[in-house]
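K.L.:
Below you'll find the structure I mean.
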Amino acid sequence: MDTWSRETTVGRLTMTLPLVVIALAIPFGVVIDDLPQAVRFAPFVVSVGLFGLPHGAVDHLMPLRLGNVPLKRSLAVVGVVYAILGGLYLAVWALSPAVALLAFLGMTWFHWGQGDAFALRAFGGGDHIRTRSDRWASLVVRGGLPMLVPLLGQPEGYQRVVNGIIELFDPASTTALSPLFRVDTRLALGIGFGVFTLSSLLWTARHVWKADTSAGGLAWDAVEIGLLWLFFWLVPPVFAVGLYFAVWHSVRHIGRLAIVDPAARQALDSGEWPTALGRFYRDAAPLTVASLALFAGLYVWVPTDGSLNALLAIYLVGIAVLTLPHVAVVTWMDQVQYEKSRITDRQ
Ligand SMILES: CC1=C(/C=C/C(C)=C/C=C/C(C)=C/C=O)C(C)(C)CCC1
Ligand SMILES: [Fe+2]
């Protein structure tokens with residue numbers, strides 16, 4: 001696997017930048033409840049063009065760049081995967097929104113976890129994450145931070161978003177998920193996840209104790225985890241999850257895309273990050289626009305009251321439908337890229 005240290009341009013852009021933004025947002029986020037709703041929704045609005053939505057809009061080029069598949073086949077294969085998985089999932093939303101919502105939370109947990117576990121390894125000096133079990137432990141912790149911690153610290157805001165999405169399709173179904181927000185459920189989940197977070201750090205720390213690796217990557221991992229716990233606990237969920245999506249998950253995935261684009265990699269290695277970003281946007285523009293057309297279609301199909309809450313709910317359903325096939329593509333990327341890294345691990 002190609003790796004970059006945190007001192008390189010790629011390392012700074014993918015690891016340090018998200019960390020600094022999230023750290024600075026904690027004090028701001030704590031007082032944001034008193035600010036207008038538009039401010040709390042701003043990160044999600046920004047994510048339409050800045051990193052968020054575009055980060056998945058280059059999936060159609062992955063078989064070409066990572067598997068040496070010809071362009072036409074690459075487009076066709078990814079197009080079919082998107083049409084089948086996205087179409088089926090859209091049907092689940094219409095038939096049983098509570099099930100679809102739970103699946104969305106679980107899928108995002110997995111996907112944001114897999115993204116961060118990869119970034120730690122490739123850009124974060126995380127050579128304490130080397131075996132399959134290390135990777136799974138890291139995935140569960142990293143995905144649980146944005147999906148579970150807001151539920152523990154800010155259940156009302158969380159429930160408002162969840163209900164808003166379900167109500168688009170069937171207002172009566174919201175009660176199906178109410179046990180999730182009970183205090184005893186949250187307490188059990190919180191204790192479980194707290195214990196898991198600490199155990200996973202201890203588990204991966206064994207590589208450092210055995211002196212297989214330096215402590216730098218582990219320390220960085222632990223600092224990020226601590227900061228994200230604080231961030232998601234304290235900051236209102238719509239703002240927190242939106243900001244994380246735009247400047248953390250998506251930025252790290254875009255860095256990962258540069259690994260498989262030799263021209264972007266070269267530009268980044270010589271510090272020319274605007275060139276690399278330009279290439280990314282050129283690749284991502286057509287399908288970002290197509291995604292917006294899909295969202296517009298959803299808006300026409302599903303009746304809403306036109307409020308900001310309803311628009312966010314539509315946007316999230318649209319993202320959900322696109323995320324299932326996106327996860328399929330990224331899981332395939334994991335397989336190919338980790339397979340390559342196993343060869344280097346043995347050396
Ligand atoms: C906004 C929001 C939520 C869900 C957001 C999700 C699930 C976003 C998924 C985005 C994806 C998968 C992007 C692609 O990578 C919660 C947690 C229900 C609670 C409160 C606010
Ligand atoms: Fe993603």
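A note on labels: chains of the structure tokens are A, B, ... as shown, every chain counts residues from 1, and ligands are counted from 1 in their shown order.
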Please identify every polymer residue within 7 Å of ligand 1, using only C-alpha atoms and all ligand atoms, and present the set as a compact mmCIF listing (two decimals) with N, CA and C atoms, in the first residue's frame.
P.N.:
```txt
# COMPACT_ATOMS: atom_id res chain seq x y z
N PHE A 104 -29.44 2.27 7.09
CA PHE A 104 -28.62 3.43 6.74
C PHE A 104 -27.61 3.72 7.86
N LEU A 105 -28.09 3.66 9.11
CA LEU A 105 -27.17 3.92 10.23
C LEU A 105 -26.07 2.85 10.27
N THR A 108 -23.63 3.27 7.29
CA THR A 108 -22.73 4.42 7.46
C THR A 108 -21.68 4.11 8.53
N HIS A 111 -19.19 2.05 6.75
CA HIS A 111 -18.48 2.75 5.68
C HIS A 111 -17.54 3.83 6.22
N TRP A 112 -18.02 4.63 7.18
CA TRP A 112 -17.14 5.66 7.72
C TRP A 112 -16.02 5.01 8.55
N PRO A 146 -19.27 8.74 14.85
CA PRO A 146 -20.31 9.61 14.30
C PRO A 146 -21.73 9.04 14.37
N MET A 147 -21.89 7.72 14.43
CA MET A 147 -23.24 7.16 14.39
C MET A 147 -23.84 6.93 15.78
N PRO A 150 -23.42 10.70 19.01
CA PRO A 150 -24.46 11.75 19.07
C PRO A 150 -25.75 11.25 19.73
N GLY A 157 -31.94 15.83 19.44
CA GLY A 157 -31.58 16.27 18.09
C GLY A 157 -31.48 15.08 17.14
N TYR A 158 -30.95 13.97 17.64
CA TYR A 158 -30.79 12.75 16.85
C TYR A 158 -32.17 12.24 16.43
N VAL A 161 -33.98 14.17 13.65
CA VAL A 161 -33.55 13.88 12.28
C VAL A 161 -34.10 12.52 11.83
N VAL A 162 -33.96 11.53 12.71
CA VAL A 162 -34.43 10.17 12.37
C VAL A 162 -35.93 10.20 12.05
N PRO A 237 -26.10 17.34 16.68
CA PRO A 237 -25.82 16.30 15.69
C PRO A 237 -25.86 16.71 14.22
N VAL A 238 -26.81 17.55 13.82
CA VAL A 238 -26.88 17.87 12.39
C VAL A 238 -25.61 18.59 11.96
N VAL A 241 -22.48 15.93 12.40
CA VAL A 241 -22.40 14.88 11.38
C VAL A 241 -22.15 15.49 10.00
N GLY A 242 -22.76 16.65 9.74
CA GLY A 242 -22.54 17.33 8.45
C GLY A 242 -21.10 17.75 8.27
N PHE A 245 -18.88 14.70 7.74
CA PHE A 245 -19.04 14.16 6.38
C PHE A 245 -18.20 14.96 5.38
N HIS A 249 -14.58 12.51 6.55
CA HIS A 249 -14.70 11.31 5.73
C HIS A 249 -14.35 11.59 4.26
N SER A 250 -14.93 12.66 3.71
CA SER A 250 -14.77 12.90 2.27
C SER A 250 -13.35 13.33 1.93
N LEU A 316 -30.72 13.31 2.76
CA LEU A 316 -30.15 12.13 3.41
C LEU A 316 -30.65 10.83 2.78
N ILE A 319 -28.66 10.46 -0.34
CA ILE A 319 -27.31 9.99 -0.01
C ILE A 319 -27.33 8.51 0.34
N ALA A 320 -28.37 8.10 1.10
CA ALA A 320 -28.45 6.69 1.51
C ALA A 320 -28.48 5.79 0.29
N THR A 323 -25.23 5.62 -1.24
CA THR A 323 -24.16 5.09 -0.39
C THR A 323 -24.05 3.57 -0.47
```
K.L.:
What lies within 12 Å of Gly87 of chain A using only C-alpha atoms, ignoring chain neighbours under 5 positions off, as a short mmCIF file (atom, residue, chain, number, x, y, z; two decimals) with N, CA and C atoms, in the first residue's frame?
P.N.:
```cif
data_model
loop_
_atom_site.label_atom_id
_atom_site.label_comp_id
_atom_site.auth_asym_id
_atom_site.auth_seq_id
_atom_site.Cartn_x
_atom_site.Cartn_y
_atom_site.Cartn_z
N GLY A 79 -22.08 1.30 -13.19
CA GLY A 79 -23.44 1.75 -13.47
C GLY A 79 -24.47 0.70 -13.09
N VAL A 80 -24.19 -0.55 -13.42
CA VAL A 80 -25.13 -1.63 -13.11
C VAL A 80 -25.22 -1.83 -11.59
N VAL A 81 -24.08 -1.80 -10.91
CA VAL A 81 -24.09 -1.95 -9.44
C VAL A 81 -24.92 -0.83 -8.81
N TYR A 82 -24.73 0.38 -9.27
CA TYR A 82 -25.51 1.51 -8.73
C TYR A 82 -27.00 1.34 -9.01
N VAL A 92 -36.92 -0.36 -0.59
CA VAL A 92 -37.03 -0.62 0.85
C VAL A 92 -37.47 0.65 1.58
N TRP A 93 -36.95 1.80 1.17
CA TRP A 93 -37.37 3.07 1.79
C TRP A 93 -38.87 3.25 1.66
N ALA A 94 -39.40 2.97 0.47
CA ALA A 94 -40.82 3.18 0.25
C ALA A 94 -41.67 2.17 1.03
N LEU A 294 -30.99 13.24 -9.30
CA LEU A 294 -31.69 12.19 -8.55
C LEU A 294 -32.40 12.78 -7.33
N GLY A 318 -31.48 10.51 -0.34
CA GLY A 318 -30.72 10.45 -1.60
C GLY A 318 -29.31 9.93 -1.36
N ALA A 320 -28.37 8.10 1.10
CA ALA A 320 -28.45 6.69 1.51
C ALA A 320 -28.48 5.79 0.29
N VAL A 321 -29.32 6.16 -0.68
CA VAL A 321 -29.49 5.33 -1.88
C VAL A 321 -28.17 5.23 -2.65
N LEU A 322 -27.43 6.33 -2.68
CA LEU A 322 -26.14 6.31 -3.38
C LEU A 322 -25.05 5.62 -2.56
N THR A 323 -25.23 5.62 -1.24
CA THR A 323 -24.16 5.09 -0.39
C THR A 323 -24.05 3.57 -0.47
N LEU A 324 -25.18 2.87 -0.60
CA LEU A 324 -25.08 1.40 -0.64
C LEU A 324 -24.17 0.92 -1.78
N PRO A 325 -24.40 1.37 -3.03
CA PRO A 325 -23.44 0.97 -4.08
C PRO A 325 -22.03 1.54 -3.86
#
```
K.L.:
Identify, on the basis of only C-alpha atoms, every residue whose closest approach to segment 198-200 of chain A does not exceed 6 Å; exclude the query and any residue fewer than 3 positions from it along the same chain; express the result as JSON, numbers by chain.
P.N.:
{"A": [137, 195, 203]}
K.L.:
State, in Å with one decimal place, the distance from atom CA of Leu287 of chain A to atom CA of Ala117 of chain A.
P.N.:
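Computing the Euclidean distance for atom CA of Leu287 of chain A and atom CA of Ala117 of chain A yields 26.2 Å.
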K.L.:
Just checking: using only C-alpha atoms and all ligand atoms, which residue out of A:Ala172, A:Leu180, A:Ile32, A:Val58 ends up closest to ligand 2?
P.N.:
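Closest to ligand 2 of all the choices is A:Val58.
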K.L.:
Identify which of the residues A:Pro274, A:Ser96, A:Thr304, A:Ala284 lies closest to Ser173 of chain A, counting only C-alpha atoms when measuring atom-to-atom distances.
P.N.:
A:Ser96
K.L.:
Gly255 of chain A: which residues within 12 Å, counting only C-alpha atoms, same-chain residues fewer than 5 positions away excluded, as a PyMOL selection string?
P.N.:
chain A and resi 2-4+8-15+17-18+51+55+115-116+118-120+122-124+247-250+260-261+264-265+268-269+273+276-277+280
K.L.:
Please write the residues from the selection above to a file, keeping N, CA and C atoms, as a CSV table (one decimal), in the first residue's frame.
P.N.:
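Below is the file selection36.csv, written as the result:
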```csv
chain,number,residue,atom,x,y,z
A,2,ASP,N,0.5,2.3,-0.8
A,2,ASP,CA,1.2,3.5,-0.8
A,2,ASP,C,0.9,4.2,0.5
A,3,THR,N,1.9,4.7,1.2
A,3,THR,CA,1.6,5.5,2.4
A,3,THR,C,2.3,6.8,2.4
A,4,TRP,N,1.7,7.8,3.1
A,4,TRP,CA,2.3,9.1,3.3
A,4,TRP,C,2.4,9.4,4.7
A,8,THR,N,3.9,15.0,5.0
A,8,THR,CA,3.8,15.3,3.6
A,8,THR,C,2.6,16.1,3.3
A,9,THR,N,2.5,16.7,2.0
A,9,THR,CA,1.3,17.4,1.7
A,9,THR,C,0.0,16.6,1.9
A,10,VAL,N,0.1,15.3,1.4
A,10,VAL,CA,-1.1,14.5,1.5
A,10,VAL,C,-1.4,14.2,2.9
A,11,GLY,N,-0.4,13.9,3.7
A,11,GLY,CA,-0.6,13.6,5.1
A,11,GLY,C,-1.3,14.8,5.9
A,12,ARG,N,-0.7,16.0,5.5
A,12,ARG,CA,-1.3,17.2,6.2
A,12,ARG,C,-2.7,17.5,5.8
A,13,LEU,N,-3.0,17.3,4.5
A,13,LEU,CA,-4.4,17.6,4.0
A,13,LEU,C,-5.4,16.6,4.5
A,14,THR,N,-5.0,15.3,4.6
A,14,THR,CA,-5.9,14.3,4.9
A,14,THR,C,-6.0,14.0,6.5
A,15,MET,N,-5.0,14.2,7.2
A,15,MET,CA,-5.0,13.9,8.6
A,15,MET,C,-5.1,15.1,9.5
A,17,LEU,N,-5.6,18.5,8.7
A,17,LEU,CA,-6.6,19.4,8.4
A,17,LEU,C,-8.0,19.1,9.1
A,18,PRO,N,-8.5,17.8,8.8
A,18,PRO,CA,-9.7,17.5,9.4
A,18,PRO,C,-9.7,17.5,11.0
A,51,PHE,N,-16.5,18.5,-1.4
A,51,PHE,CA,-16.0,17.2,-0.9
A,51,PHE,C,-17.1,16.2,-0.7
A,55,HIS,N,-17.3,13.2,-3.4
A,55,HIS,CA,-16.3,12.2,-3.0
A,55,HIS,C,-16.7,10.8,-3.6
A,115,GLY,N,-13.5,3.7,6.0
A,115,GLY,CA,-12.7,4.8,5.4
A,115,GLY,C,-11.6,5.3,6.4
A,116,ASP,N,-12.0,5.4,7.7
A,116,ASP,CA,-11.0,6.0,8.6
A,116,ASP,C,-9.9,4.9,8.9
A,118,PHE,N,-8.7,2.8,6.9
A,118,PHE,CA,-7.8,2.9,5.8
A,118,PHE,C,-6.9,4.1,5.8
A,119,ALA,N,-7.5,5.3,6.1
A,119,ALA,CA,-6.7,6.5,6.2
A,119,ALA,C,-5.7,6.5,7.3
A,120,LEU,N,-6.0,5.9,8.4
A,120,LEU,CA,-5.0,5.8,9.5
A,120,LEU,C,-3.8,5.1,9.1
A,122,ALA,N,-2.9,4.5,5.8
A,122,ALA,CA,-2.2,5.0,4.6
A,122,ALA,C,-1.6,6.4,4.9
A,123,PHE,N,-2.2,7.2,5.7
A,123,PHE,CA,-1.7,8.6,5.9
A,123,PHE,C,-1.4,8.9,7.3
A,124,GLY,N,-1.9,8.1,8.3
A,124,GLY,CA,-1.7,8.5,9.7
A,124,GLY,C,-0.6,7.8,10.4
A,247,VAL,N,-15.7,17.4,5.9
A,247,VAL,CA,-14.2,17.7,6.0
A,247,VAL,C,-13.4,16.5,6.6
A,248,TRP,N,-14.1,15.5,7.0
A,248,TRP,CA,-13.3,14.4,7.5
A,248,TRP,C,-13.4,13.2,6.6
A,249,HIS,N,-14.6,12.5,6.6
A,249,HIS,CA,-14.7,11.3,5.7
A,249,HIS,C,-14.3,11.6,4.3
A,250,SER,N,-14.9,12.7,3.7
A,250,SER,CA,-14.8,12.9,2.3
A,250,SER,C,-13.4,13.3,1.9
A,260,VAL,N,-4.6,6.2,-6.4
A,260,VAL,CA,-4.8,5.4,-7.7
A,260,VAL,C,-4.8,6.2,-8.9
A,261,ASP,N,-4.5,7.5,-8.8
A,261,ASP,CA,-4.4,8.4,-9.9
A,261,ASP,C,-3.0,9.0,-10.0
A,264,ALA,N,-2.3,12.7,-10.1
A,264,ALA,CA,-2.6,13.4,-8.9
A,264,ALA,C,-1.6,13.2,-7.8
A,265,ARG,N,-1.1,11.9,-7.8
A,265,ARG,CA,-0.1,11.5,-6.8
A,265,ARG,C,1.2,12.3,-7.0
A,268,LEU,N,0.7,15.9,-5.9
A,268,LEU,CA,0.7,16.0,-4.4
A,268,LEU,C,2.1,15.8,-3.8
A,269,ASP,N,2.9,14.9,-4.4
A,269,ASP,CA,4.2,14.7,-3.9
A,269,ASP,C,5.1,16.0,-4.1
A,273,TRP,N,-1.0,20.8,-4.6
A,273,TRP,CA,-2.4,20.2,-4.3
A,273,TRP,C,-3.5,20.8,-5.1
A,276,ALA,N,-4.0,18.6,-8.1
A,276,ALA,CA,-4.6,17.3,-7.7
A,276,ALA,C,-6.1,17.5,-7.5
A,277,LEU,N,-6.5,18.6,-6.8
A,277,LEU,CA,-7.9,18.9,-6.5
A,277,LEU,C,-8.6,19.2,-7.8
A,280,PHE,N,-9.5,16.0,-9.5
A,280,PHE,CA,-10.6,15.3,-8.8
A,280,PHE,C,-11.9,15.9,-9.2
```
K.L.:
Which parts of segment 45-175 of chain A does DSSP call alpha helix (DSSP H) when run on the backbone here, written out as a ChimeraX atom specification?
P.N.:
/A:45-46,62-67,71-95,97-122,132-153,155-169
K.L.:
Nearest to ligand 2 among A:Ala290, A:Leu53, A:Ile129, A:Leu71, with distances taken over only C-alpha atoms and all ligand atoms: which residue is it?
P.N.:
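With only C-alpha atoms and all ligand atoms as the atom set, the closest residue is A:Leu53.
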K.L.:
How many Å lie between atom CA of Tyr281 of chain A and atom CA of Ser5 of chain A, rounded to one decimal?
P.N.:
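About the pair atom CA of Tyr281 of chain A and atom CA of Ser5 of chain A: they are 24.4 Å apart.
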K.L.:
For His326 of chain A, which residue among A:Arg73, A:Arg132, A:His60, A:Arg252 is the nearest when counting only C-alpha atoms?
P.N.:
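Checking each of A:Arg73, A:Arg132, A:His60, A:Arg252 against His326 of chain A, counting only C-alpha atoms, the winner is A:His60.
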K.L.:
Smallest atom-to-atom distance to Ala313 of chain A: which of A:Phe239, A:Phe193, A:Tyr244, A:Phe169, using only C-alpha atoms?
P.N.:
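The answer is A:Phe169, which sits nearest to Ala313 of chain A.
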K.L.:
Between A:Leu168, A:Leu35, A:Val149, A:Val235, which residue has the minimum interatomic distance to Leu298 of chain A, considering only C-alpha atoms?
P.N.:
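For Leu298 of chain A, the nearest of the given residues is A:Leu168.
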K.L.:
Set the distance at 12 Å and use only C-alpha atoms: which residues neighbour Thr204 of chain A once local chain neighbours fewer than 3 positions away are removed? I'd like the list as a PDB file with C-alpha atoms, in the first residue's frame.
P.N.:
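out34.pdb, freshly written:
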```
ATOM      1  CA  GLY A 126      -1.090   3.785  11.800  1.00  0.00           C
ATOM      2  CA  ASP A 127       1.134   0.747  11.511  1.00  0.00           C
ATOM      3  CA  HIS A 128      -0.405  -0.549  14.748  1.00  0.00           C
ATOM      4  CA  ILE A 129      -3.420  -1.427  12.547  1.00  0.00           C
ATOM      5  CA  ARG A 130      -2.008  -4.326  10.608  1.00  0.00           C
ATOM      6  CA  THR A 131      -3.960  -7.560  11.113  1.00  0.00           C
ATOM      7  CA  ARG A 132      -7.554  -8.222  10.114  1.00  0.00           C
ATOM      8  CA  SER A 133      -8.707  -8.033  13.750  1.00  0.00           C
ATOM      9  CA  ASP A 134      -6.911  -4.687  14.270  1.00  0.00           C
ATOM     10  CA  ARG A 135      -8.702  -3.356  11.233  1.00  0.00           C
ATOM     11  CA  TRP A 136     -12.120  -4.552  12.382  1.00  0.00           C
ATOM     12  CA  ALA A 137     -11.594  -3.108  15.860  1.00  0.00           C
ATOM     13  CA  SER A 138     -10.606   0.224  14.367  1.00  0.00           C
ATOM     14  CA  THR A 197     -13.120   1.929  22.432  1.00  0.00           C
ATOM     15  CA  LEU A 198     -10.602   1.409  25.235  1.00  0.00           C
ATOM     16  CA  SER A 199     -10.186  -2.310  24.558  1.00  0.00           C
ATOM     17  CA  SER A 200      -9.532  -1.723  20.871  1.00  0.00           C
ATOM     18  CA  LEU A 201      -6.783   0.778  21.669  1.00  0.00           C
ATOM     19  CA  HIS A 207       2.232  -4.131  18.406  1.00  0.00           C
ATOM     20  CA  VAL A 208       3.909  -1.189  20.108  1.00  0.00           C
ATOM     21  CA  TRP A 209       4.656  -3.182  23.283  1.00  0.00           C
ATOM     22  CA  LYS A 210       6.128  -5.961  21.247  1.00  0.00           C
ATOM     23  CA  ASP A 212       7.071  -4.077  16.216  1.00  0.00           C
ATOM     24  CA  THR A 213       6.245  -0.475  15.563  1.00  0.00           C
ATOM     25  CA  ALA A 215       4.145   4.668  19.194  1.00  0.00           C
ATOM     26  CA  GLY A 217       0.603   6.240  14.940  1.00  0.00           C
ATOM     27  CA  LEU A 218      -1.076   4.798  18.032  1.00  0.00           C
ATOM     28  CA  ALA A 219      -0.832   8.136  19.864  1.00  0.00           C
ATOM     29  CA  ASP A 221      -5.154   7.383  16.713  1.00  0.00           C
ATOM     30  CA  ALA A 222      -5.900   7.809  20.431  1.00  0.00           C
TER      31      ALA A 222
END
```
